[in-house]
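data_5.txt (compact mmCIF, C-alpha atoms) appears below.
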# COMPACT_ATOMS: atom_id res chain seq x y z
CA MET A 1 5.74 -2.43 39.26
CA LEU A 2 5.28 1.33 39.32
CA PHE A 3 2.56 2.54 36.96
CA ILE A 4 2.90 6.10 35.72
CA ALA A 5 -0.78 7.11 35.66
CA TYR A 6 -0.27 9.69 32.94
CA GLY A 7 -3.56 10.83 31.39
CA CYS A 8 -5.68 9.40 34.20
CA GLN A 9 -7.90 12.50 34.01
CA ASN A 10 -9.19 11.06 30.73
CA LYS A 11 -11.73 8.39 31.67
CA ALA A 12 -11.15 6.24 28.60
CA VAL A 13 -7.36 6.26 29.06
CA TRP A 14 -7.67 5.57 32.78
CA ASN A 15 -10.07 2.66 32.26
CA ALA A 16 -7.72 1.13 29.70
CA LEU A 17 -4.75 1.57 32.02
CA LYS A 18 -6.64 -0.12 34.84
CA LEU A 19 -7.16 -3.17 32.65
CA HIS A 20 -3.39 -3.49 32.29
CA VAL A 21 -3.09 -3.15 36.07
CA ASP A 22 -5.49 -6.09 36.40
CA PHE A 23 -3.55 -8.19 33.89
CA ILE A 24 -0.26 -7.56 35.66
CA GLU A 25 -1.65 -8.12 39.15
CA SER A 26 -3.08 -11.44 37.98
CA THR A 27 0.50 -12.59 37.37
CA GLY A 28 1.33 -11.95 41.05
CA GLU A 29 3.19 -8.68 40.44
CA ALA A 30 2.68 -5.95 43.07
CA VAL A 31 1.54 -2.59 41.68
CA SER A 32 2.00 1.02 42.83
CA PHE A 33 1.26 4.34 41.12
CA MET A 34 2.91 7.61 40.17
CA VAL A 35 0.48 10.42 39.32
CA ASP A 36 0.39 14.15 38.68
CA LYS A 37 -0.55 15.63 42.05
CA ARG A 38 -3.59 17.33 40.49
CA TYR A 39 -5.15 13.92 39.87
CA TYR A 40 -3.97 12.12 42.99
CA ASP A 41 -7.50 11.82 44.41
CA SER A 42 -8.78 10.13 41.25
CA VAL A 43 -6.23 7.34 41.53
CA LYS A 44 -6.68 7.11 45.29
CA HIS A 45 -10.41 6.67 44.81
CA ASP A 46 -9.89 3.51 42.74
CA TYR A 47 -6.80 2.16 44.52
CA ALA A 48 -7.07 3.21 48.15
CA ASP A 49 -5.01 0.21 49.27
CA LYS A 50 -2.07 0.88 46.93
CA ALA A 51 1.05 2.98 47.33
CA ILE A 52 0.47 6.17 45.35
CA TYR A 53 3.20 8.76 44.73
CA SER A 54 2.67 12.16 43.16
CA TYR A 55 4.82 14.62 41.24
CA ALA A 56 4.55 18.37 40.62
CA ASN A 57 6.35 18.69 37.26
CA THR A 58 8.54 16.79 34.82
CA PHE A 59 11.75 17.34 36.80
CA ASP A 60 10.03 16.17 39.98
CA LEU A 61 8.78 13.08 38.14
CA MET A 62 12.30 12.12 37.09
CA LEU A 63 13.60 12.59 40.64
CA GLN A 64 10.80 10.48 42.05
CA LEU A 65 11.40 7.70 39.55
CA ILE A 66 15.02 7.56 40.72
CA LYS A 67 14.16 7.55 44.43
CA ILE A 68 11.23 5.11 44.52
CA GLU A 69 12.32 1.53 45.15
CA ASP A 70 10.18 -0.19 42.47
CA LYS A 71 12.53 -1.78 39.93
CA LYS A 72 9.97 -1.94 37.11
CA ILE A 73 8.26 1.08 35.58
CA PHE A 74 5.17 0.90 33.38
CA SER A 75 4.93 3.95 31.13
CA PRO A 76 1.85 4.65 28.98
CA VAL A 77 3.27 7.36 26.67
CA MET A 78 6.55 8.01 24.87
CA PHE A 79 7.32 11.19 26.83
CA THR A 80 7.18 9.54 30.27
CA THR A 81 9.14 6.62 28.83
CA LEU A 82 11.93 9.02 27.89
CA TYR A 83 11.77 10.64 31.35
CA SER A 84 12.16 7.16 32.87
CA GLY A 85 15.49 6.79 31.09
CA ILE A 86 17.34 8.59 33.88
CA ALA A 87 16.08 6.01 36.41
CA LYS A 88 17.23 3.24 34.09
CA ILE A 89 20.70 4.75 33.76
CA LEU A 90 21.22 5.60 37.44
CA LYS A 91 19.24 2.83 39.15
CA SER A 92 19.13 0.05 36.52
CA LYS A 93 15.35 0.10 36.45
CA GLU A 94 13.43 -1.87 33.84
CA ILE A 95 11.07 0.13 31.59
CA TYR A 96 7.84 -1.26 30.14
CA TYR A 97 6.45 0.98 27.40
CA TRP A 98 2.77 0.68 26.50
CA VAL A 99 2.65 1.80 22.86
CA GLN A 100 -1.01 2.76 22.47
CA GLY A 101 -0.86 4.18 18.96
CA SER A 102 1.22 5.71 16.21
CA VAL A 103 1.64 9.19 17.70
CA PRO A 104 3.75 10.83 14.94
CA GLU A 105 1.40 9.64 12.19
CA GLU A 106 -1.69 10.69 14.17
CA SER A 107 -0.18 14.13 14.69
CA PHE A 108 0.57 14.50 10.99
CA LEU A 109 -3.04 13.68 10.13
CA ARG A 110 -4.22 16.48 12.43
CA HIS A 111 -1.60 19.16 11.70
CA GLN A 112 0.04 18.22 8.38
CA SER A 113 3.37 19.33 9.85
CA LYS A 114 6.40 17.43 8.53
CA LEU A 115 8.65 19.08 11.11
CA LYS A 116 6.46 17.99 14.00
CA ASN A 117 6.21 14.52 12.52
CA ARG A 118 10.03 14.23 12.40
CA LEU A 119 10.36 15.50 15.96
CA LEU A 120 7.76 13.11 17.32
CA SER A 121 9.30 10.23 15.36
CA ALA A 122 12.64 11.01 16.99
CA ILE A 123 11.00 11.01 20.43
CA GLU A 124 9.25 7.74 19.55
CA TYR A 125 12.60 6.20 18.59
CA GLY A 126 14.13 7.45 21.83
CA ALA A 127 11.32 6.01 23.92
CA LEU A 128 11.62 2.63 22.22
CA SER A 129 15.38 2.72 22.78
CA VAL A 130 14.89 3.45 26.49
CA SER A 131 12.26 0.77 27.02
CA ASP A 132 13.29 -2.77 27.83
CA LYS A 133 9.97 -4.34 26.91
CA ASN A 134 7.00 -3.10 24.92
CA ILE A 135 3.26 -3.66 25.06
CA LEU A 136 1.74 -3.16 21.60
CA VAL A 137 -1.87 -3.14 20.42
CA SER A 138 -1.30 -5.21 17.27
CA ASP A 139 1.17 -7.36 15.36
CA GLU A 140 1.06 -4.76 12.61
CA MET A 141 2.27 -2.13 15.07
CA GLN A 142 5.43 -4.13 15.68
CA LYS A 143 6.04 -4.55 11.93
CA HIS A 144 5.50 -0.83 11.39
CA LEU A 145 7.91 0.23 14.14
CA GLU A 146 10.61 -2.20 13.06
CA LYS A 147 10.41 -1.05 9.44
CA LYS A 148 10.25 2.64 10.39
CA HIS A 149 13.19 2.62 12.78
CA ASN A 150 15.15 -0.24 11.17
CA LYS A 151 15.40 -1.97 14.51
CA SER A 152 14.06 -5.17 16.04
CA TYR A 153 11.48 -4.92 18.82
CA GLU A 154 11.08 -8.63 19.38
CA ASN A 155 10.90 -8.23 23.15
CA SER A 156 7.27 -7.19 22.91
CA ILE A 157 3.80 -8.57 23.48
CA VAL A 158 0.51 -7.73 21.78
CA VAL A 159 -2.38 -6.69 24.03
CA PRO A 160 -5.26 -5.37 21.91
CA CYS A 161 -8.07 -3.22 23.26
CA VAL A 162 -10.61 -5.31 25.17
CA SER A 163 -14.32 -4.99 25.84
CA GLU A 164 -16.11 -4.51 29.12
CA PHE A 165 -19.24 -6.04 27.57
CA SER A 166 -20.44 -9.58 26.93
CA TYR A 167 -23.24 -11.24 24.99
CA ASP A 168 -26.39 -11.49 27.12
CA GLY A 169 -28.02 -14.25 25.08
CA SER A 170 -30.68 -12.05 23.46
CA PRO A 171 -32.18 -13.21 20.15
CA LYS A 172 -30.60 -11.48 17.16
CA GLU A 173 -32.79 -9.28 14.97
CA LYS A 174 -32.51 -10.69 11.46
CA ASP A 175 -30.60 -8.51 8.98
CA SER A 176 -29.82 -5.92 11.64
CA PHE A 177 -26.77 -3.69 11.26
CA VAL A 178 -25.29 -1.36 13.85
CA TYR A 179 -22.76 1.42 14.18
CA ILE A 180 -21.73 2.86 17.54
CA GLY A 181 -19.44 5.87 17.70
CA GLY A 182 -18.70 9.39 16.59
CA MET A 183 -19.05 11.17 13.30
CA SER A 184 -15.42 12.16 12.68
CA ALA A 185 -14.27 11.95 9.08
CA TRP A 186 -11.78 9.17 9.82
CA GLN A 187 -14.61 6.92 11.02
CA ARG A 188 -15.95 6.85 7.45
CA VAL A 189 -19.66 6.99 8.19
CA ASP A 190 -20.11 8.20 4.62
CA LEU A 191 -18.65 4.99 3.20
CA MET A 192 -20.67 2.91 5.66
CA LEU A 193 -23.90 4.47 4.38
CA GLN A 194 -22.83 3.87 0.78
CA MET A 195 -22.30 0.23 1.73
CA PHE A 196 -25.73 0.12 3.30
CA ASN A 197 -27.21 1.31 0.00
CA GLN A 198 -25.80 -1.85 -1.57
CA ILE A 199 -26.91 -4.03 1.34
CA MET A 200 -30.50 -2.84 0.93
CA LYS A 201 -30.54 -4.17 -2.63
CA LEU A 202 -29.56 -7.59 -1.29
CA LYS A 203 -31.56 -7.49 1.95
CA PRO A 204 -34.58 -5.20 1.50
CA ASN A 205 -35.74 -5.78 5.09
CA ALA A 206 -32.41 -4.79 6.62
CA HIS A 207 -32.21 -2.08 9.29
CA LEU A 208 -29.26 0.06 10.33
CA TYR A 209 -29.06 1.41 13.88
CA ILE A 210 -26.68 4.32 14.41
CA ALA A 211 -25.95 5.03 18.07
CA THR A 212 -24.17 8.37 18.40
CA LEU A 213 -24.24 11.53 20.46
CA GLU A 214 -23.80 13.56 17.25
CA LYS A 215 -27.26 13.10 15.78
CA GLU A 216 -27.25 16.30 13.72
CA ILE A 217 -24.05 15.34 11.90
CA ALA A 218 -25.36 11.80 11.46
CA THR A 219 -28.54 13.16 9.88
CA GLN A 220 -26.46 15.22 7.48
CA TYR A 221 -24.45 12.15 6.49
CA ILE A 222 -27.66 10.20 5.91
CA ASN A 223 -29.11 12.93 3.70
CA GLU A 224 -25.92 13.12 1.65
CA HIS A 225 -24.97 9.46 1.29
CA LEU A 226 -28.06 7.26 1.73
CA ASP A 227 -30.71 6.78 -0.93
CA LYS A 228 -33.95 8.42 0.20
CA ALA A 229 -35.81 5.17 -0.36
CA TYR A 230 -33.86 3.62 2.51
CA HIS A 231 -34.15 6.40 5.09
CA GLU A 232 -36.94 4.58 6.91
CA ASN A 233 -34.61 1.64 7.40
CA VAL A 234 -32.16 3.71 9.45
CA LYS A 235 -32.74 4.57 13.09
CA LEU A 236 -30.71 7.15 15.03
CA LEU A 237 -30.42 6.79 18.77
CA SER A 238 -28.29 7.93 21.68
CA ILE A 239 -27.10 5.61 24.41
CA SER A 240 -25.78 7.70 27.27
CA ASP A 241 -25.70 4.84 29.78
CA ARG A 242 -22.92 2.41 28.87
CA SER A 243 -24.63 -0.33 30.87
CA GLN A 244 -27.26 -0.45 28.10
CA ILE A 245 -24.78 -0.97 25.27
CA ALA A 246 -24.19 -4.69 25.88
CA HIS A 247 -27.88 -5.51 25.53
CA PHE A 248 -28.23 -3.25 22.50
CA LEU A 249 -25.32 -4.93 20.70
CA SER A 250 -26.45 -8.39 21.78
CA THR A 251 -29.62 -7.98 19.68
CA LYS A 252 -27.78 -7.11 16.44
CA GLU A 253 -26.23 -9.34 13.77
CA TYR A 254 -23.67 -7.07 12.07
CA GLY A 255 -21.50 -4.14 13.14
CA PHE A 256 -19.67 -1.68 10.90
CA LEU A 257 -16.00 -0.83 11.38
CA ILE A 258 -14.85 1.10 8.30
CA ARG A 259 -11.44 2.79 8.11
CA GLU A 260 -9.11 4.41 5.57
CA ASP A 261 -6.09 2.35 4.47
CA ILE A 262 -3.47 4.47 6.24
CA VAL A 263 -0.79 3.66 8.83
CA VAL A 264 -2.80 4.91 11.82
CA ASN A 265 -5.56 2.41 11.02
CA GLN A 266 -3.29 -0.39 9.81
CA VAL A 267 -1.62 -0.65 13.22
CA SER A 268 -4.73 -0.04 15.33
CA SER A 269 -6.82 -2.16 17.66
CA PRO A 270 -10.21 -0.40 17.69
CA ILE A 271 -12.15 -0.80 20.94
CA LYS A 272 -15.31 -0.99 18.81
CA LEU A 273 -14.03 -4.24 17.28
CA ALA A 274 -13.69 -5.85 20.70
CA GLU A 275 -17.11 -4.57 21.79
CA TYR A 276 -18.84 -5.97 18.71
CA LEU A 277 -17.23 -9.40 18.97
CA SER A 278 -17.79 -9.73 22.71
CA CYS A 279 -21.53 -9.26 22.14
CA GLY A 280 -21.71 -11.80 19.33
CA VAL A 281 -21.85 -9.19 16.55
CA ASN A 282 -20.31 -10.15 13.21
CA VAL A 283 -18.06 -7.36 11.96
CA ILE A 284 -18.01 -5.69 8.56
CA ILE A 285 -14.44 -4.46 8.76
CA SER A 286 -12.09 -2.65 6.41
CA ASP A 287 -9.13 -4.78 5.43
CA ALA A 288 -7.04 -1.73 6.36
CA VAL A 289 -7.19 -2.94 10.00
CA LYS A 290 -4.53 -5.45 9.05
CA SER A 291 -3.88 -7.38 12.24
CA TYR A 292 -7.51 -8.28 12.81
CA ALA A 293 -9.43 -8.14 9.51
CA SER A 294 -8.00 -11.47 8.33
CA HIS A 295 -8.93 -13.18 11.61
CA ILE A 296 -12.46 -11.83 11.34
CA GLU A 297 -12.96 -13.17 7.82
CA ASN A 298 -10.98 -16.41 8.04
CA GLU A 299 -12.68 -17.50 11.26
CA GLY A 300 -16.22 -16.70 10.18
CA ALA A 301 -16.77 -13.73 12.49
CA GLY A 302 -17.58 -11.25 9.72
CA ILE A 303 -16.30 -9.99 6.38
CA ALA A 304 -13.35 -7.81 5.34
CA VAL A 305 -14.04 -5.26 2.62
CA LYS A 306 -12.16 -2.70 0.53
CA SER A 307 -15.13 -0.75 -0.84
CA ASP A 308 -18.89 -0.71 -1.19
CA ASN A 309 -18.59 -2.52 -4.54
CA GLU A 310 -17.73 -5.90 -3.02
CA ILE A 311 -19.93 -5.96 0.07
CA THR A 312 -23.01 -7.57 -1.46
CA LYS A 313 -21.03 -10.44 -2.97
CA LYS A 314 -19.35 -11.18 0.35
CA LEU A 315 -22.55 -10.84 2.38
CA GLN A 316 -24.41 -13.09 -0.03
CA ASN A 317 -22.03 -15.92 0.80
CA PHE A 318 -21.88 -15.27 4.54
CA THR A 319 -24.01 -16.69 7.35
CA PRO A 320 -23.87 -14.66 10.58
CA SER A 321 -22.71 -16.57 13.65
CA SER A 322 -22.68 -15.20 17.19
CA ASP A 323 -20.68 -18.23 18.27
CA ASN A 324 -17.90 -17.44 15.79
CA ALA A 325 -17.75 -13.81 16.89
CA ILE A 326 -17.46 -14.77 20.56
CA LYS A 327 -14.85 -17.45 19.77
CA VAL A 328 -12.69 -14.89 17.96
CA TYR A 329 -13.04 -12.53 20.92
CA GLN A 330 -11.98 -15.23 23.37
CA LYS A 331 -9.07 -16.26 21.16
CA TYR A 332 -7.53 -12.81 20.64
CA PHE A 333 -9.01 -10.45 23.24
CA SER A 334 -9.72 -12.43 26.40
CA THR A 335 -8.33 -11.63 29.85
CA GLU A 336 -6.73 -15.09 30.02
CA GLN A 337 -4.91 -14.49 26.74
CA HIS A 338 -3.51 -11.15 27.92
CA THR A 339 -2.54 -12.46 31.33
CA ASN A 340 -0.53 -15.23 29.66
CA SER A 341 1.16 -12.64 27.46
CA TYR A 342 2.18 -10.64 30.53
CA ILE A 343 3.48 -13.77 32.24
CA LYS A 344 5.78 -14.26 29.26
CA LEU A 345 6.86 -10.64 29.28
CA LEU A 346 7.59 -10.55 32.98
CA ASN A 347 9.37 -13.88 33.22
CA LYS A 348 11.42 -14.07 30.00
CA ASP A 349 14.13 -11.95 28.46
CA LYS A 350 12.56 -12.42 25.06
CA VAL A 351 9.01 -13.20 23.98
CA SER A 352 8.62 -15.66 21.14
Please go through the file and, once you have read it, give me the structure as structure tokens.
Amino acid sequence: MLFIAYGCQNKAVWNALKLHVDFIESTGEAVSFMVDKRYYDSVKHDYADKAIYSYANTFDLMLQLIKIEDKKIFSPVMFTTLYSGIAKILKSKEIYYWVQGSVPEESFLRHQSKLKNRLLSAIEYGALSVSDKNILVSDEMQKHLEKKHNKSYENSIVVPCVSEFSYDGSPKEKDSFVYIGGMSAWQRVDLMLQMFNQIMKLKPNAHLYIATLEKEIATQYINEHLDKAYHENVKLLSISDRSQIAHFLSTKEYGFLIREDIVVNQVSSPIKLAEYLSCGVNVIISDAVKSYASHIENEGAGIAVKSDNEITKKLQNFTPSSDNAIKVYQKYFSTEQHTNSYIKLLNKDKVS
């Protein structure tokens, strides 16, 4: 299978793509790479033993996809999926499209442009029409695409974001809450702090640890949304070394994952969710994250909430369990689970 290493200059994208390489190789499939010549050395550094092809521009990419012998093409974005269409038409190649997110809806959130949204939606439809098989991040993503384009995409598998961390067995600090991430508006740190106000009334010894590189913005949020009486119960810290994150999370009971109830979040698979669960952290998750919130709550790995008004009632009736969090991670996010999904995708015309 030929992987188009589009976006490999972005470390997060490249690391995620490499996980899919691992999943596919574990099925016995041979892997090669196609990369923008500017980033050839980056791919070569990690895969010195693999065949690596490079292209200079979009036209060159399409020519290369026609010429290279690999019969299967793994494409990580809708644009390269469309470009792969010429190889499918002329050389009967099979296209695997990794649908990482809802690009048109994300663009509309940033730019509020209806024209751009329509254009990107058309490109999205074209990419899905070109692809033979799709890799999605959630069940909700499949439902969204089928409803939006009035077309079945049953020949798909779900491979959510996974964690590189694992629980190290550390004792959990009682009534400890954690948030790891940025301070962008869509991450709803404001609502999280409003929830913590309510939590403090129920658990007066609770502590919230906010790990972020944006301490100044975090401080502003705290001053605006957290009762002054609880400021001493919040600790800001920065973790620049990712190797320290697993231990940090392993010592905490609860993790916040709060999102707006909009399409972009409904279809998502947040990496933070996987990281929390893998370290035995019970998740306080917005029910807007539709594919996973119900699993979290129904299987005792956390609670799903709509607003700060209901959090104390749900927490009052919940007992944190690291075992439940890890079980949910193994059930929905494990390497074995994803490898089995790829075996189905690679060996069957349709995935049930």
Task: Computed interatomic separation between atom CA of Cys8 of chain A and atom CA of Gly101 of chain A (Å) - done: 16.8 Å
Any chance you could tabulate, as JSON lines, the residues of segment 16-46 of chain A at most 10 Å from segment 312-335 of chain A with each one's nearest atom pair and distance in Å to one decimal, using only C-alpha atoms, in chain and rising number order?
{"residue": "A:Leu19", "atom": "CA", "partner": "A:Thr335", "partner_atom": "CA", "distance": 9.0}
{"residue": "A:His20", "atom": "CA", "partner": "A:Thr335", "partner_atom": "CA", "distance": 9.8}
{"residue": "A:Asp22", "atom": "CA", "partner": "A:Thr335", "partner_atom": "CA", "distance": 9.0}
{"residue": "A:Phe23", "atom": "CA", "partner": "A:Thr335", "partner_atom": "CA", "distance": 7.1}
{"residue": "A:Ser26", "atom": "CA", "partner": "A:Thr335", "partner_atom": "CA", "distance": 9.7}
Open item on the list: I want to know what sits within 6 Å of segment 232-235 of chain A, based on all atoms listed in the file, with residues of the same chain fewer than 3 positions away left out; could you give that as a list in words?
Closed with: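 Skipping anything fewer than 3 positions along the chain leaves His207, Leu208 and Tyr209 of chain A.
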Can I get the residues of segment 83-168 of chain A within 12 Å of segment 38-61 of chain A, each with the closest pair of atoms and their distance in Å to one decimal, using only C-alpha atoms, sorted chain first then ascending number, as a Markdown table?
| residue | atom | partner | partner_atom | distance |
| --- | --- | --- | --- | --- |
| A:Tyr83 | CA | A:Thr58 | CA | 7.8 |
| A:Ser84 | CA | A:Leu61 | CA | 8.6 |
| A:Gly85 | CA | A:Leu61 | CA | 11.6 |
| A:Ile86 | CA | A:Leu61 | CA | 10.6 |
| A:Ala87 | CA | A:Leu61 | CA | 10.3 |
Excluding same-chain residues fewer than 2 positions from segment 103-113 of chain A, what lies within 10 Å of it counting only C-alpha atoms, as a PDB file with C-alpha atoms, in the coordinates of the input?
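Wrote it out as around_8.pdb, contents follow:
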ATOM      1  CA  VAL A  77       3.270   7.360  26.670  1.00  0.00           C
ATOM      2  CA  MET A  78       6.550   8.010  24.870  1.00  0.00           C
ATOM      3  CA  VAL A  99       2.650   1.800  22.860  1.00  0.00           C
ATOM      4  CA  GLN A 100      -1.010   2.760  22.470  1.00  0.00           C
ATOM      5  CA  GLY A 101      -0.860   4.180  18.960  1.00  0.00           C
ATOM      6  CA  LEU A 115       8.650  19.080  11.110  1.00  0.00           C
ATOM      7  CA  LYS A 116       6.460  17.990  14.000  1.00  0.00           C
ATOM      8  CA  ASN A 117       6.210  14.520  12.520  1.00  0.00           C
ATOM      9  CA  ARG A 118      10.030  14.230  12.400  1.00  0.00           C
ATOM     10  CA  LEU A 119      10.360  15.500  15.960  1.00  0.00           C
ATOM     11  CA  LEU A 120       7.760  13.110  17.320  1.00  0.00           C
ATOM     12  CA  SER A 121       9.300  10.230  15.360  1.00  0.00           C
ATOM     13  CA  ALA A 122      12.640  11.010  16.990  1.00  0.00           C
ATOM     14  CA  ILE A 123      11.000  11.010  20.430  1.00  0.00           C
ATOM     15  CA  GLU A 124       9.250   7.740  19.550  1.00  0.00           C
ATOM     16  CA  TRP A 186     -11.780   9.170   9.820  1.00  0.00           C
ATOM     17  CA  ILE A 262      -3.470   4.470   6.240  1.00  0.00           C
ATOM     18  CA  VAL A 263      -0.790   3.660   8.830  1.00  0.00           C
ATOM     19  CA  VAL A 264      -2.800   4.910  11.820  1.00  0.00           C
ATOM     20  CA  ASN A 265      -5.560   2.410  11.020  1.00  0.00           C
TER      21      ASN A 265
END
Where does segment 239-343 of chain A meet segment 148-168 of chain A within 8 Å, residue by residue, with the nearest atom pair and distance in Å to one decimal for each, counting only C-alpha atoms, listed by chain and rising number, as a Markdown table?
| residue | atom | partner | partner_atom | distance |
| --- | --- | --- | --- | --- |
| A:Ile245 | CA | A:Phe165 | CA | 7.9 |
| A:Ala246 | CA | A:Phe165 | CA | 5.4 |
| A:His247 | CA | A:Asp168 | CA | 6.4 |
| A:Leu249 | CA | A:Tyr167 | CA | 7.9 |
| A:Ser250 | CA | A:Tyr167 | CA | 5.4 |
| A:Ser269 | CA | A:Pro160 | CA | 5.5 |
| A:Pro270 | CA | A:Cys161 | CA | 6.6 |
| A:Ile271 | CA | A:Cys161 | CA | 5.3 |
| A:Ala274 | CA | A:Ser163 | CA | 5.2 |
| A:Glu275 | CA | A:Ser163 | CA | 4.9 |
| A:Ser278 | CA | A:Ser166 | CA | 5.0 |
| A:Cys279 | CA | A:Tyr167 | CA | 3.9 |
| A:Gly280 | CA | A:Tyr167 | CA | 5.9 |
| A:Tyr332 | CA | A:Pro160 | CA | 7.9 |
| A:Phe333 | CA | A:Val162 | CA | 5.7 |
| A:Ser334 | CA | A:Val162 | CA | 7.3 |
| A:His338 | CA | A:Val159 | CA | 6.0 |
| A:Ser341 | CA | A:Ile157 | CA | 6.3 |
| A:Tyr342 | CA | A:Ile157 | CA | 7.5 |
Print the selection's residues with C-alpha atoms to a file, as a PDB file, in the frame of the given file.
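Okay, selection.pdb is ready:
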ATOM      1  CA  ILE A 245     -24.780  -0.970  25.270  1.00  0.00           C
ATOM      2  CA  ALA A 246     -24.190  -4.690  25.880  1.00  0.00           C
ATOM      3  CA  HIS A 247     -27.880  -5.510  25.530  1.00  0.00           C
ATOM      4  CA  LEU A 249     -25.320  -4.930  20.700  1.00  0.00           C
ATOM      5  CA  SER A 250     -26.450  -8.390  21.780  1.00  0.00           C
ATOM      6  CA  SER A 269      -6.820  -2.160  17.660  1.00  0.00           C
ATOM      7  CA  PRO A 270     -10.210  -0.400  17.690  1.00  0.00           C
ATOM      8  CA  ILE A 271     -12.150  -0.800  20.940  1.00  0.00           C
ATOM      9  CA  ALA A 274     -13.690  -5.850  20.700  1.00  0.00           C
ATOM     10  CA  GLU A 275     -17.110  -4.570  21.790  1.00  0.00           C
ATOM     11  CA  SER A 278     -17.790  -9.730  22.710  1.00  0.00           C
ATOM     12  CA  CYS A 279     -21.530  -9.260  22.140  1.00  0.00           C
ATOM     13  CA  GLY A 280     -21.710 -11.800  19.330  1.00  0.00           C
ATOM     14  CA  TYR A 332      -7.530 -12.810  20.640  1.00  0.00           C
ATOM     15  CA  PHE A 333      -9.010 -10.450  23.240  1.00  0.00           C
ATOM     16  CA  SER A 334      -9.720 -12.430  26.400  1.00  0.00           C
ATOM     17  CA  HIS A 338      -3.510 -11.150  27.920  1.00  0.00           C
ATOM     18  CA  SER A 341       1.160 -12.640  27.460  1.00  0.00           C
ATOM     19  CA  TYR A 342       2.180 -10.640  30.530  1.00  0.00           C
TER      20      TYR A 342
END
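Here atom CA of Thr251 of chain A and atom CA of Pro171 of chain A stand 5.8 Å from one another.
Of the residues listed (A:Leu193, A:Lys252, A:Lys306, A:Ile284), A:Lys252 shows the shortest atom-to-atom separation from Gly169 of chain A; distances use only C-alpha atoms.
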Open item on the list: I'd like the neighbourhood of Met200 of chain A as JSON, numbers by chain, where a residue qualifies if any of its atoms comes within 8 Å (using all atoms listed in the file), though same-chain residues fewer than 5 positions away should be ignored.
Closed with: {"A": [205, 206, 230]}
Task: Which residue of A:Val130, A:Leu237, A:Ala5, A:Ala12 approaches Ile89 of chain A most closely, using only C-alpha atoms - done: A:Val130
- [ ] Between atom CA of Leu65 of chain A and atom CA of Leu90 of chain A, measure the distance and give it in Å to one decimal.
- [x] 10.3 Å
TODO: Fewer than 4 positions away in the same chain doesn't count, so skip those; otherwise give me all residues within 9 Å of Lys215 of chain A, counting only C-alpha atoms, as a list of chain:residue names.
DONE: A:Met183, A:Ile210, A:Ala211, A:Thr219, A:Gln220, A:Leu236, A:Leu237, A:Ser238
Can you fill out segment 322-334 of chain A with N, CA and C atoms and hand it back as an mmCIF file, in the coordinates of the input?
data_model
loop_
_atom_site.group_PDB
_atom_site.id
_atom_site.type_symbol
_atom_site.label_atom_id
_atom_site.label_comp_id
_atom_site.auth_asym_id
_atom_site.auth_seq_id
_atom_site.Cartn_x
_atom_site.Cartn_y
_atom_site.Cartn_z
ATOM 1 N N SER A 322 -23.087 -15.784 15.907
ATOM 2 C CA SER A 322 -22.680 -15.200 17.190
ATOM 3 C C SER A 322 -21.576 -16.020 17.828
ATOM 4 N N ASP A 323 -21.685 -17.342 17.676
ATOM 5 C CA ASP A 323 -20.680 -18.230 18.270
ATOM 6 C C ASP A 323 -19.294 -17.927 17.708
ATOM 7 N N ASN A 324 -19.201 -17.727 16.398
ATOM 8 C CA ASN A 324 -17.900 -17.440 15.790
ATOM 9 C C ASN A 324 -17.334 -16.119 16.283
ATOM 10 N N ALA A 325 -18.211 -15.117 16.410
ATOM 11 C CA ALA A 325 -17.750 -13.810 16.890
ATOM 12 C C ALA A 325 -17.195 -13.923 18.301
ATOM 13 N N ILE A 326 -17.900 -14.628 19.163
ATOM 14 C CA ILE A 326 -17.460 -14.770 20.560
ATOM 15 C C ILE A 326 -16.185 -15.609 20.637
ATOM 16 N N LYS A 327 -16.070 -16.631 19.794
ATOM 17 C CA LYS A 327 -14.850 -17.450 19.770
ATOM 18 C C LYS A 327 -13.634 -16.620 19.383
ATOM 19 N N VAL A 328 -13.800 -15.755 18.376
ATOM 20 C CA VAL A 328 -12.690 -14.890 17.960
ATOM 21 C C VAL A 328 -12.326 -13.931 19.089
ATOM 22 N N TYR A 329 -13.329 -13.410 19.787
ATOM 23 C CA TYR A 329 -13.040 -12.530 20.920
ATOM 24 C C TYR A 329 -12.242 -13.275 21.984
ATOM 25 N N GLN A 330 -12.677 -14.465 22.339
ATOM 26 C CA GLN A 330 -11.980 -15.230 23.370
ATOM 27 C C GLN A 330 -10.558 -15.601 22.947
ATOM 28 N N LYS A 331 -10.375 -15.832 21.660
ATOM 29 C CA LYS A 331 -9.070 -16.260 21.160
ATOM 30 C C LYS A 331 -8.048 -15.135 21.169
ATOM 31 N N TYR A 332 -8.476 -13.899 20.825
ATOM 32 C CA TYR A 332 -7.530 -12.810 20.640
ATOM 33 C C TYR A 332 -7.650 -11.676 21.672
ATOM 34 N N PHE A 333 -8.761 -11.616 22.392
ATOM 35 C CA PHE A 333 -9.010 -10.450 23.240
ATOM 36 C C PHE A 333 -9.292 -10.795 24.701
ATOM 37 N N SER A 334 -9.282 -12.048 25.065
ATOM 38 C CA SER A 334 -9.720 -12.430 26.400
ATOM 39 C C SER A 334 -8.691 -12.062 27.477
#
